[in-house]
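Participant: Input file: target09.txt. Contents: compact mmCIF, C-alpha atoms.
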# COMPACT_ATOMS: atom_id res chain seq x y z
CA MET E 9 -28.14 2.66 48.41
CA THR E 10 -30.49 -0.16 47.36
CA ASP E 11 -30.94 -1.01 43.73
CA LYS E 12 -33.83 1.47 43.49
CA LEU E 13 -36.32 -0.97 41.97
CA LEU E 14 -39.67 -0.46 43.65
CA HIS E 15 -41.71 -2.36 41.10
CA ALA E 16 -40.11 -4.30 38.30
CA PRO E 17 -41.23 -6.98 35.85
CA PRO E 18 -39.08 -10.10 35.43
CA ASP E 19 -38.01 -9.08 31.91
CA LEU E 20 -35.84 -6.19 33.10
CA ASP E 21 -33.81 -6.14 29.90
CA LEU E 22 -36.75 -4.35 28.25
CA PHE E 23 -35.85 -1.31 30.31
CA ALA E 24 -32.11 -1.40 29.74
CA ASP E 25 -30.42 1.01 27.41
CA ASP E 26 -28.68 -0.48 24.39
CA ARG E 27 -27.34 2.89 23.38
CA PRO E 28 -24.13 4.09 25.10
CA ARG E 29 -25.68 7.40 26.03
CA LEU E 30 -23.57 8.78 28.85
CA PRO E 31 -20.43 10.13 27.18
CA ASP E 32 -22.56 11.47 24.31
CA ALA E 33 -25.01 13.25 26.61
CA LEU E 34 -22.17 15.29 28.03
CA SER E 35 -19.94 15.87 25.03
CA ARG E 36 -22.98 17.09 23.11
CA ARG E 37 -23.31 19.88 25.57
CA ILE E 38 -19.75 21.02 26.05
CA ASP E 39 -18.41 21.02 22.50
CA ALA E 40 -18.50 24.39 20.83
CA ASP E 41 -17.23 23.32 17.42
CA PRO E 42 -19.05 24.13 14.15
CA GLU E 43 -20.67 20.72 14.09
CA SER E 44 -22.30 21.47 17.41
CA VAL E 45 -23.56 24.80 16.17
CA GLU E 46 -25.18 23.05 13.24
CA ARG E 47 -26.64 20.49 15.60
CA GLY E 48 -27.99 23.25 17.83
CA LEU E 49 -29.70 24.75 14.83
CA ALA E 50 -31.14 21.41 13.76
CA GLN E 51 -32.31 20.94 17.32
CA LEU E 52 -34.29 24.16 17.18
CA VAL E 53 -35.81 23.51 13.81
CA LEU E 54 -36.68 19.91 14.59
CA THR E 55 -38.18 20.94 17.91
CA ILE E 56 -40.57 23.22 16.09
CA VAL E 57 -41.38 20.57 13.54
CA GLU E 58 -42.04 18.15 16.40
CA LEU E 59 -44.33 20.69 18.06
CA LEU E 60 -46.29 21.04 14.83
CA ARG E 61 -46.39 17.31 14.32
CA GLN E 62 -47.85 16.76 17.80
CA LEU E 63 -50.45 19.46 17.33
CA MET E 64 -51.48 18.11 13.94
CA GLU E 65 -51.66 14.55 15.16
CA ARG E 66 -53.84 15.56 18.07
CA GLN E 67 -56.08 17.53 15.74
CA ALA E 68 -56.32 14.60 13.35
CA LEU E 69 -57.34 12.20 16.12
CA ARG E 70 -60.02 14.66 17.24
CA ARG E 71 -61.40 14.87 13.70
CA ILE E 72 -61.45 11.10 13.47
CA ASP E 73 -63.31 10.89 16.78
CA GLY E 74 -65.78 13.42 15.46
CA GLY E 75 -66.47 11.06 12.59
CA THR E 76 -66.16 13.79 9.97
CA LEU E 77 -63.50 12.07 7.89
CA SER E 78 -63.95 9.42 5.24
CA ASP E 79 -62.00 6.15 5.45
CA ASP E 80 -59.94 7.32 2.53
CA GLN E 81 -59.05 10.58 4.26
CA VAL E 82 -58.15 8.73 7.47
CA GLU E 83 -55.89 6.39 5.52
CA ARG E 84 -54.14 9.26 3.72
CA LEU E 85 -53.72 11.17 6.99
CA GLY E 86 -52.27 8.13 8.73
CA GLN E 87 -49.84 7.57 5.87
CA THR E 88 -48.66 11.14 6.06
CA PHE E 89 -48.05 10.89 9.77
CA MET E 90 -46.23 7.60 9.35
CA GLU E 91 -43.93 9.18 6.78
CA LEU E 92 -43.37 12.23 8.91
CA ASP E 93 -42.56 10.05 11.90
CA LYS E 94 -40.02 8.13 9.86
CA ARG E 95 -38.49 11.31 8.40
CA MET E 96 -38.17 12.87 11.84
CA GLU E 97 -36.32 9.81 13.07
CA GLU E 98 -33.96 9.99 10.08
CA LEU E 99 -33.28 13.67 10.67
CA ARG E 100 -32.66 13.08 14.36
CA THR E 101 -30.19 10.32 13.58
CA GLU E 102 -28.49 12.51 10.97
CA PHE E 103 -27.86 15.20 13.56
CA GLY E 104 -27.15 12.88 16.45
CA LEU E 105 -30.20 14.04 18.38
CA GLU E 106 -32.35 12.02 20.77
CA ALA E 107 -36.08 12.46 21.24
CA GLU E 108 -35.34 14.12 24.59
CA ASP E 109 -33.29 16.79 22.80
CA LEU E 110 -36.30 18.07 20.87
CA ASN E 111 -37.48 20.51 23.45
CA LEU E 112 -36.97 24.12 24.41
CA ASN E 113 -36.58 25.17 27.99
CA LEU E 114 -38.48 28.39 28.50
CA GLY E 115 -37.16 29.01 32.00
CA PRO E 116 -40.01 29.78 34.42
CA LEU E 117 -42.54 28.71 31.79
CA GLY E 118 -41.20 25.17 31.79
CA ASN E 119 -40.61 23.27 28.61
CA LEU E 120 -42.19 24.05 25.25
CA LEU E 121 -43.16 20.46 24.60
CA ASP E 122 -44.79 18.76 27.53
CA PRO E 123 -45.50 15.14 26.56
CA MET U 11 -31.52 -11.82 44.79
CA THR U 12 -28.82 -13.26 42.54
CA ARG U 13 -25.85 -11.13 41.55
CA THR U 14 -27.02 -10.99 37.94
CA ALA U 15 -30.37 -9.58 38.97
CA ALA U 16 -28.69 -6.95 41.16
CA VAL U 17 -26.46 -5.76 38.31
CA GLY U 18 -29.46 -5.61 36.01
CA GLY U 19 -31.35 -3.42 38.46
CA ARG U 20 -28.51 -0.96 38.74
CA GLU U 21 -28.07 -0.80 34.99
CA VAL U 22 -31.76 -0.13 34.52
CA ALA U 23 -31.93 2.45 37.29
CA LEU U 24 -28.97 4.28 35.70
CA ILE U 25 -31.28 5.44 32.93
CA ASP U 26 -33.63 7.01 35.44
CA LEU U 27 -30.64 8.47 37.32
CA VAL U 28 -29.27 10.12 34.16
CA ASP U 29 -32.69 11.64 33.37
CA ARG U 30 -32.55 13.25 36.79
CA LEU U 31 -28.93 14.20 37.39
CA LEU U 32 -28.24 15.63 33.95
CA ALA U 33 -31.61 17.14 33.13
CA GLY U 34 -33.18 17.71 36.54
CA GLY U 35 -32.31 19.37 39.81
CA VAL U 36 -31.96 23.00 40.63
CA VAL U 37 -29.89 25.07 38.22
CA ILE U 38 -27.70 27.52 40.07
CA GLU U 39 -25.39 29.71 38.10
CA GLY U 40 -21.81 28.65 38.40
CA HIS U 41 -19.27 26.86 36.34
CA ILE U 42 -21.89 24.52 35.04
CA THR U 43 -19.43 22.78 32.84
CA LEU U 44 -22.27 21.00 31.14
CA ALA U 45 -24.24 24.03 30.10
CA VAL U 46 -21.83 26.77 29.09
CA ALA U 47 -21.92 25.78 25.46
CA ASP U 48 -25.70 25.46 25.49
CA VAL U 49 -26.19 29.18 26.06
CA ASP U 50 -24.02 30.05 23.07
CA LEU U 51 -25.71 27.48 20.89
CA VAL U 52 -29.20 28.78 21.59
CA TYR U 53 -28.10 32.36 20.93
CA VAL U 54 -26.64 31.48 17.58
CA GLY U 55 -29.63 29.29 16.81
CA LEU U 56 -32.24 31.97 17.46
CA ARG U 57 -30.61 34.51 15.18
CA ALA U 58 -30.17 32.03 12.39
CA LEU U 59 -33.66 30.59 12.81
CA VAL U 60 -35.36 33.31 10.78
CA THR U 61 -33.35 32.47 7.69
CA SER U 62 -33.27 28.76 8.37
CA VAL U 63 -37.03 28.12 8.18
CA SER U 64 -37.19 28.88 4.45
CA THR U 65 -34.12 26.71 3.93
CA ALA U 66 -35.81 23.92 5.87
CA GLU U 67 -38.84 24.21 3.58
CA GLU U 68 -36.71 24.08 0.46
CA LYS U 69 -34.96 21.00 1.74
CA GLY U 70 -38.31 19.35 2.37
CA MET U 71 -37.82 19.20 6.11
CA LEU U 72 -41.24 20.69 6.77
CA PRO U 73 -44.16 18.58 5.61
CA ARG U 74 -46.70 19.80 3.09
CA MET U 75 -50.03 18.78 4.58
CA GLY U 76 -52.56 20.79 2.65
CA SER U 77 -54.49 18.23 0.66
CA ALA U 78 -54.30 15.46 3.26
CA LEU U 79 -56.25 17.52 5.78
CA MET H 21 -13.18 24.40 43.00
CA ILE H 22 -16.22 23.17 44.87
CA GLU H 23 -19.15 21.10 43.73
CA LEU H 24 -22.75 21.59 44.88
CA TYR H 25 -24.93 18.71 45.96
CA ALA H 26 -28.09 20.18 47.42
CA ILE H 27 -29.91 23.17 48.84
CA THR H 28 -31.52 22.83 52.24
CA ASP H 29 -32.74 24.83 55.22
CA HIS H 30 -30.42 26.60 57.56
CA PRO H 31 -29.99 25.51 60.27
CA THR H 32 -29.89 21.83 59.38
CA PRO H 33 -28.93 18.64 61.25
CA PRO H 34 -25.21 17.71 61.27
CA LEU H 35 -23.98 16.56 57.87
CA PRO H 36 -23.23 12.86 57.28
CA GLN H 37 -19.63 11.69 56.93
CA VAL H 38 -20.00 10.33 53.38
CA ALA H 39 -17.79 13.02 51.85
CA PRO H 40 -15.85 16.13 52.98
CA LEU H 41 -19.10 18.10 52.99
CA ARG H 42 -19.41 21.70 54.01
CA LEU H 43 -22.38 23.90 54.65
CA VAL H 44 -22.52 27.29 52.96
CA ALA H 45 -25.25 29.26 54.66
CA THR H 46 -27.04 32.34 53.36
CA GLY H 47 -29.88 33.42 55.56
CA ASP H 48 -32.30 30.57 56.10
CA LEU H 49 -31.01 28.52 53.17
CA ALA H 50 -27.79 26.58 52.85
CA ALA H 51 -25.91 24.96 50.02
CA ILE H 52 -24.13 21.70 50.71
CA CYS H 53 -20.86 21.28 48.85
CA ALA H 54 -17.56 19.47 48.75
CA PRO H 55 -14.26 19.94 46.92
CA ALA H 56 -14.80 19.15 43.25
CA GLY H 57 -13.15 15.97 42.08
CA ASP H 58 -11.95 15.40 38.56
CA ASP H 59 -14.67 12.85 37.99
CA GLY H 60 -16.04 12.99 34.52
CA VAL H 61 -19.42 11.67 33.68
CA SER H 62 -19.21 7.96 34.23
CA ALA H 63 -21.91 5.80 35.73
CA ASP H 64 -19.75 5.45 38.85
CA ALA H 65 -19.32 9.20 39.23
CA LEU H 66 -23.07 9.73 38.92
CA TRP H 67 -23.87 7.01 41.44
CA ARG H 68 -21.28 8.39 43.87
CA HIS H 69 -22.81 11.84 43.62
CA GLU H 70 -26.29 10.39 44.07
CA ALA H 71 -25.19 8.41 47.15
CA VAL H 72 -24.15 11.67 48.81
CA VAL H 73 -27.47 13.37 48.03
CA GLU H 74 -29.42 10.38 49.30
CA ALA H 75 -27.39 10.22 52.50
CA LEU H 76 -28.24 13.88 53.02
CA MET H 77 -31.88 13.20 52.30
CA GLU H 78 -32.14 10.74 55.17
CA GLN H 79 -32.00 13.56 57.70
CA ARG H 80 -33.51 16.55 55.95
CA ASP H 81 -35.61 17.93 53.12
CA LEU H 82 -33.55 19.23 50.23
CA LEU H 83 -33.46 20.39 46.64
CA PRO H 84 -31.02 18.32 44.62
CA VAL H 85 -28.72 20.40 42.44
CA ARG H 86 -28.02 19.70 38.75
CA TYR H 87 -24.94 17.52 38.35
CA GLY H 88 -21.80 19.42 37.48
CA THR H 89 -22.62 22.67 39.27
CA ARG H 90 -19.30 24.08 40.38
CA PHE H 91 -17.99 27.28 41.90
CA ASP H 92 -14.57 28.76 42.45
CA ASP H 93 -15.19 28.92 46.18
CA GLU H 94 -17.83 29.04 48.90
CA ASP H 95 -18.36 32.79 48.58
CA ALA H 96 -19.19 32.43 44.91
CA ALA H 97 -21.64 29.65 45.76
CA ALA H 98 -23.25 31.73 48.51
CA ARG H 99 -23.73 34.64 46.11
CA ALA H 100 -25.32 32.43 43.47
CA VAL H 101 -27.72 30.87 45.97
CA GLU H 102 -28.60 34.29 47.34
CA ALA H 103 -29.41 35.45 43.82
CA ARG H 104 -32.13 32.80 43.54
CA ARG H 105 -33.19 32.77 47.17
CA ASP H 106 -36.94 33.30 46.68
CA ASP H 107 -37.27 30.66 43.94
CA LEU H 108 -35.23 28.19 45.94
CA ALA H 109 -37.19 28.79 49.14
CA MET H 110 -40.47 28.22 47.30
CA ALA H 111 -39.16 25.14 45.56
CA LEU H 112 -37.91 23.68 48.83
CA ASP H 113 -41.35 24.18 50.36
CA ARG H 114 -42.92 22.47 47.35
CA VAL H 115 -40.91 19.31 47.83
CA ARG H 116 -40.80 19.30 51.62
CA GLY H 117 -41.48 15.84 53.04
CA ALA H 118 -41.67 14.26 49.60
CA VAL H 119 -39.62 12.03 47.35
CA GLU H 120 -39.73 11.29 43.64
CA LEU H 121 -40.79 8.05 42.01
CA SER H 122 -39.93 7.29 38.40
CA LEU H 123 -42.18 5.28 36.10
CA ARG H 124 -41.46 3.85 32.67
CA VAL H 125 -44.01 1.87 30.73
CA ILE H 126 -43.11 -0.29 27.77
CA GLU H 127 -45.28 -2.18 25.33
CA PRO H 128 -43.11 -5.12 24.29
CA GLY H 129 -43.84 -6.44 20.85
CA ALA H 130 -46.07 -3.53 19.90
CA PRO H 131 -47.29 -4.29 16.40
CA GLN H 132 -45.88 -2.06 13.67
CA ALA H 133 -48.71 -0.46 11.77
CA GLY H 134 -48.72 -1.28 8.07
CA ASP H 135 -51.25 1.21 6.84
CA GLY H 136 -52.28 4.72 7.76
CA ALA H 137 -55.55 3.87 9.47
CA SER H 138 -53.81 1.29 11.72
CA TYR H 139 -51.09 3.78 12.54
CA LEU H 140 -53.61 6.30 13.80
CA ARG H 141 -55.55 3.62 15.65
CA ASP H 142 -52.34 2.58 17.40
CA ARG H 143 -51.55 6.17 18.30
CA ARG H 144 -55.01 6.59 19.77
CA ARG H 145 -54.67 3.32 21.70
CA GLN H 146 -51.30 4.35 23.07
CA GLU H 147 -52.55 7.79 24.06
CA ASP H 148 -55.49 6.21 25.90
CA ALA H 149 -53.21 3.72 27.66
CA ARG H 150 -50.85 6.53 28.70
CA ARG H 151 -53.68 8.51 30.21
CA ALA H 152 -55.15 5.46 31.97
CA LEU H 153 -51.83 4.91 33.71
CA HIS H 154 -50.71 8.46 34.36
CA GLU H 155 -53.95 9.95 35.62
CA PRO H 156 -54.61 7.69 38.64
CA LEU H 157 -51.00 8.11 39.74
CA ALA H 158 -51.00 11.87 39.25
CA ALA H 159 -54.19 11.96 41.32
CA VAL H 160 -52.51 10.43 44.38
CA ALA H 161 -49.24 12.29 43.96
CA ARG H 162 -48.44 15.80 45.11
CA ALA H 163 -47.23 16.59 41.63
CA ALA H 164 -46.57 14.75 38.38
CA MET H 165 -44.70 15.29 35.16
CA THR H 166 -43.84 13.36 32.01
CA ARG H 167 -40.76 13.24 29.81
CA PRO H 168 -40.45 12.43 26.11
CA SER H 169 -39.87 8.77 25.32
CA PRO H 170 -36.98 7.77 23.07
CA ASP H 171 -39.16 5.63 20.82
CA ARG H 172 -42.70 4.34 20.29
CA SER H 173 -42.25 1.15 22.27
CA GLU H 174 -42.10 3.24 25.45
CA LEU H 175 -45.57 4.49 26.26
CA LEU H 176 -44.82 6.64 29.24
CA ARG H 177 -41.92 8.11 31.13
CA ALA H 178 -43.15 9.93 34.20
CA ALA H 179 -42.14 11.23 37.59
CA TYR H 180 -44.36 11.58 40.64
CA LEU H 181 -43.73 13.70 43.71
CA VAL H 182 -45.00 11.61 46.58
CA ASP H 183 -45.14 12.14 50.35
CA ARG H 184 -42.43 10.09 52.00
CA ASP H 185 -44.98 8.00 53.87
CA ALA H 186 -47.11 7.43 50.77
CA VAL H 187 -44.45 5.59 48.76
CA GLU H 188 -45.83 2.18 49.67
CA GLN H 189 -49.37 3.21 48.72
CA VAL H 190 -48.20 4.46 45.33
CA THR H 191 -46.09 1.41 44.54
CA GLY H 192 -49.12 -0.66 45.50
CA LEU H 193 -51.18 1.26 42.97
CA ILE H 194 -48.51 0.67 40.34
CA ALA H 195 -48.67 -3.05 41.05
CA GLN H 196 -52.44 -2.89 40.52
CA LEU H 197 -52.03 -1.00 37.26
CA GLN H 198 -49.53 -3.61 36.12
CA ALA H 199 -51.98 -6.40 36.90
CA ALA H 200 -54.70 -4.56 34.98
CA ASN H 201 -52.43 -4.18 31.95
CA PRO H 202 -50.82 -7.55 31.25
CA THR H 203 -49.62 -6.54 27.78
CA LEU H 204 -47.55 -3.72 29.23
CA ARG H 205 -44.51 -3.67 31.47
CA LEU H 206 -44.28 -1.11 34.25
CA LEU H 207 -41.02 -0.20 35.96
CA CYS H 208 -40.95 2.01 39.02
CA THR H 209 -37.65 3.17 40.51
CA GLY H 210 -36.95 5.33 43.52
CA PRO H 211 -37.25 6.91 45.90
CA TRP H 212 -35.21 9.66 44.33
CA PRO H 213 -34.59 13.19 45.55
CA ALA H 214 -37.08 15.54 43.88
CA TYR H 215 -34.96 16.28 40.77
CA SER H 216 -37.88 16.65 38.39
CA PHE H 217 -39.74 19.06 40.64
CA ALA H 218 -36.87 21.27 41.76
CA GLU H 219 -37.37 23.83 39.03
CA ALA H 220 -40.87 25.32 38.65
Just give me the structure of the file as structure tokens.
Facilitator:
Amino acid sequence: MTDKLLHAPPDLDLFADDRPRLPDALSRRIDADPESVERGLAQLVLTIVELLRQLMERQALRRIDGGTLSDDQVERLGQTFMELDKRMEELRTEFGLEAEDLNLNLGPLGNLLDP
Amino acid sequence: MTRTAAVGGREVALIDLVDRLLAGGVVIEGHITLAVADVDLVYVGLRALVTSVSTAEEKGMLPRMGSAL
Amino acid sequence: MIELYAITDHPTPPLPQVAPLRLVATGDLAAICAPAGDDGVSADALWRHEAVVEALMEQRDLLPVRYGTRFDDEDAAARAVEARRDDLAMALDRVRGAVELSLRVIEPGAPQAGDGASYLRDRRRQEDARRALHEPLAAVARAAMTRPSPDRSELLRAAYLVDRDAVEQVTGLIAQLQAANPTLRLLCTGPWPAYSFAEA
């Protein structure tokens, strides 16, 4: 097997992972202890919050494009999204969840959140 | 290619490999040692979800957006 | 216990010698497996598994199987494959003659927005940049999908299903997109088996 790089910039370190993800990725899935149950719950709730956040952000950008919002409204909207973004990150860290975890697989319908 | 560069490439490609091996590929029912717990978690989660949304609101996990929009 | 590597057509060319592989046939599909090791989930174990799938891919079209899929024995595996036969047959046709390319795009030193208006402007800019990169590639690929990015410095994490003989054309396009976007960094890895397109 070659090193799989088909197109790479010289500063490869940008694409390296500083988080030791592998053991976590697996143990998160196979533990069935109470902490995992709580995490599973948080995962569901945060996934829905993330869905709402994406929808609202998209809506906000559309309104801004439409030019129907005052500068003041745009500023307040942006601030709210900034805070929500930060809060989501805190909650994810609190429950040991990665961005990739905030999704629901709906079987044949694919994933709930399609970035 | 120097040895350092080769190691770097592998390290970087590992991220893409993990995305694929652990979250991609065909899922065929078996002793998927990775996923057994997932099924239980989702089941528990769904039942508890109805009561958990109001709790999430109380704890301020869901944003109040009214006036901003 | 046996471990599954891939699903392919039956009959299929002789299996490579990279592992004690066995063919478990059910009708016109076959699962390719080997005795399960006690490998955990280390980078080495993943790469070893991947090496087997890629060796298989040299001589045939296949659907890669999710890592860690194990059965008590070949009969159990055959039954499980049979249970999903129609889905698997359709999926195999979807990826026939194609491989997967991975793309990640990073914006190094992306400025952190201080105020709300800048935040939204940045989001808009990033969304536009994402689309400008993803759309031309999706257009030349057989199929395309995106994954969530771990943080805001990564603009795009995508996979493209590309005809085997179109890989060079697509990497050429990526090189062009890189040249057109000097403030971004594009990384393309592959070719991979069609992991991201194996399930509908």
Participant: Using only C-alpha atoms, find all polymer residues with an atom at most 9 Å away from the point (-24.6, 12.6, 58.1); report them as a PyMOL selection string.
Facilitator: chain H and resi 33-38+75-76+78-79
Participant: I'd like the contact shell of range 129-133 of chain H - 12 Å cut-off, all atoms listed in the file, skipping same-chain residues fewer than 6 positions apart - returned as a list in words.
Facilitator: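 Contacts, with the query itself left out: Leu22, Glu83, Gly86, Gln87, Phe89, Met90 and Glu91 of chain E; Tyr139, Leu140, Arg141, Asp142, Arg143, Arg145, Gln146, Asp171, Arg172, Ser173, Glu174, Leu175, Thr203, Leu204 and Arg205 of chain H.
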Participant: For the atom pair CA of Arg167 in chain H and CA of Leu24 in chain U, what is the interatomic distance in Å to one decimal place?
Facilitator: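 For CA of Arg167 in chain H relative to CA of Leu24 in chain U, the distance reads 15.9 Å.
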Participant: Skipping near chain neighbours, those fewer than 5 positions away, what residues fall within 7 Å of Arg184 in chain H using all atoms listed in the file, listed as a PDB file with C-alpha atoms, in the coordinates of the input?
Facilitator:
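Result went into out-v8.pdb, see below:
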ATOM      1  CA  GLY H 117     -41.480  15.840  53.040  1.00  0.00           C
ATOM      2  CA  ALA H 118     -41.670  14.260  49.600  1.00  0.00           C
ATOM      3  CA  VAL H 119     -39.620  12.030  47.350  1.00  0.00           C
TER       4      VAL H 119
END
Participant: Could you tell me which residues of chain H sit within 6 Å of chain E when counting only C-alpha atoms, and give me the result as a list in words?
Facilitator: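 Written out as asked, the residues are Gly136, Ala137, Tyr139, Leu140, Thr166, Pro168, Pro170, Leu207, Cys208, Thr209 and Gly210 of chain H.
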Participant: What does the distance from CA of Ser169 in chain H to CA of Leu108 in chain H come to in Å, to one decimal?
Facilitator: 28.7 Å
Participant: Quick one, how far is CA of Asp106 in chain H from CA of Ala178 in chain H?
Facilitator: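 These atoms are spaced 27.2 Å apart.
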Participant: Would you pick out the contacts of Arg104 in chain H at 10 Å or less, using only C-alpha atoms, so that residues sharing its chain but fewer than 4 positions from it are not included, and give the list as a VMD selection string?
Facilitator: (chain U and resid 37 to 39) or (chain H and resid 99 to 100 108 to 109)
Participant: Could you name the residues that touch Arg68 in chain H at 12 Å or less, counting all atoms listed in the file, but leaving out those on the same chain fewer than 6 positions away, as a PDB file with C-alpha atoms, in the frame of the given file?
Facilitator:
ATOM      1  CA  MET E   9     -28.140   2.660  48.410  1.00  0.00           C
TER       2      MET E   9
ATOM      3  CA  LEU U  24     -28.970   4.280  35.700  1.00  0.00           C
ATOM      4  CA  LEU U  27     -30.640   8.470  37.320  1.00  0.00           C
ATOM      5  CA  LEU U  31     -28.930  14.200  37.390  1.00  0.00           C
TER       6      LEU U  31
ATOM      7  CA  TYR H  25     -24.930  18.710  45.960  1.00  0.00           C
ATOM      8  CA  VAL H  38     -20.000  10.330  53.380  1.00  0.00           C
ATOM      9  CA  ALA H  39     -17.790  13.020  51.850  1.00  0.00           C
ATOM     10  CA  GLY H  57     -13.150  15.970  42.080  1.00  0.00           C
ATOM     11  CA  ASP H  59     -14.670  12.850  37.990  1.00  0.00           C
ATOM     12  CA  GLY H  60     -16.040  12.990  34.520  1.00  0.00           C
ATOM     13  CA  VAL H  61     -19.420  11.670  33.680  1.00  0.00           C
ATOM     14  CA  SER H  62     -19.210   7.960  34.230  1.00  0.00           C
ATOM     15  CA  GLU H  74     -29.420  10.380  49.300  1.00  0.00           C
ATOM     16  CA  ALA H  75     -27.390  10.220  52.500  1.00  0.00           C
ATOM     17  CA  TYR H  87     -24.940  17.520  38.350  1.00  0.00           C
TER      18      TYR H  87
END
Participant: For a quick test of understanding: name the residues of chain H lying within 10 Å of chain U when counting all atoms listed in the file, and present them as a PyMOL selection string.
Facilitator: chain H and resi 21-27+61+63-64+66-67+69-70+83-92+96-97+99-104+107-108+111+121-124+167+177+179+207-210+212-220
Participant: Give the padded box for range 95-114 of chain H as JSON: axis-aligned, covering all atoms listed in the file, 5 Å on each side, centre and edge lengths in Å to one decimal.
Facilitator:
{"center_x": -30.6, "center_y": 29.0, "center_z": 46.9, "size_x": 34.6, "size_y": 23.0, "size_z": 16.9}
Participant: Write out as a ChimeraX atom specification which residues come within 8 Å of Leu112 in chain E when counting all atoms listed in the file, dropping same-chain ones fewer than 5 positions away.
Facilitator: /E:52,55,119-121
Participant: Between H:Val125, H:Ala158, H:Leu82, H:Ala164, which has the minimum distance to Leu49 in chain H (counting all atoms listed in the file)?
Facilitator: H:Leu82
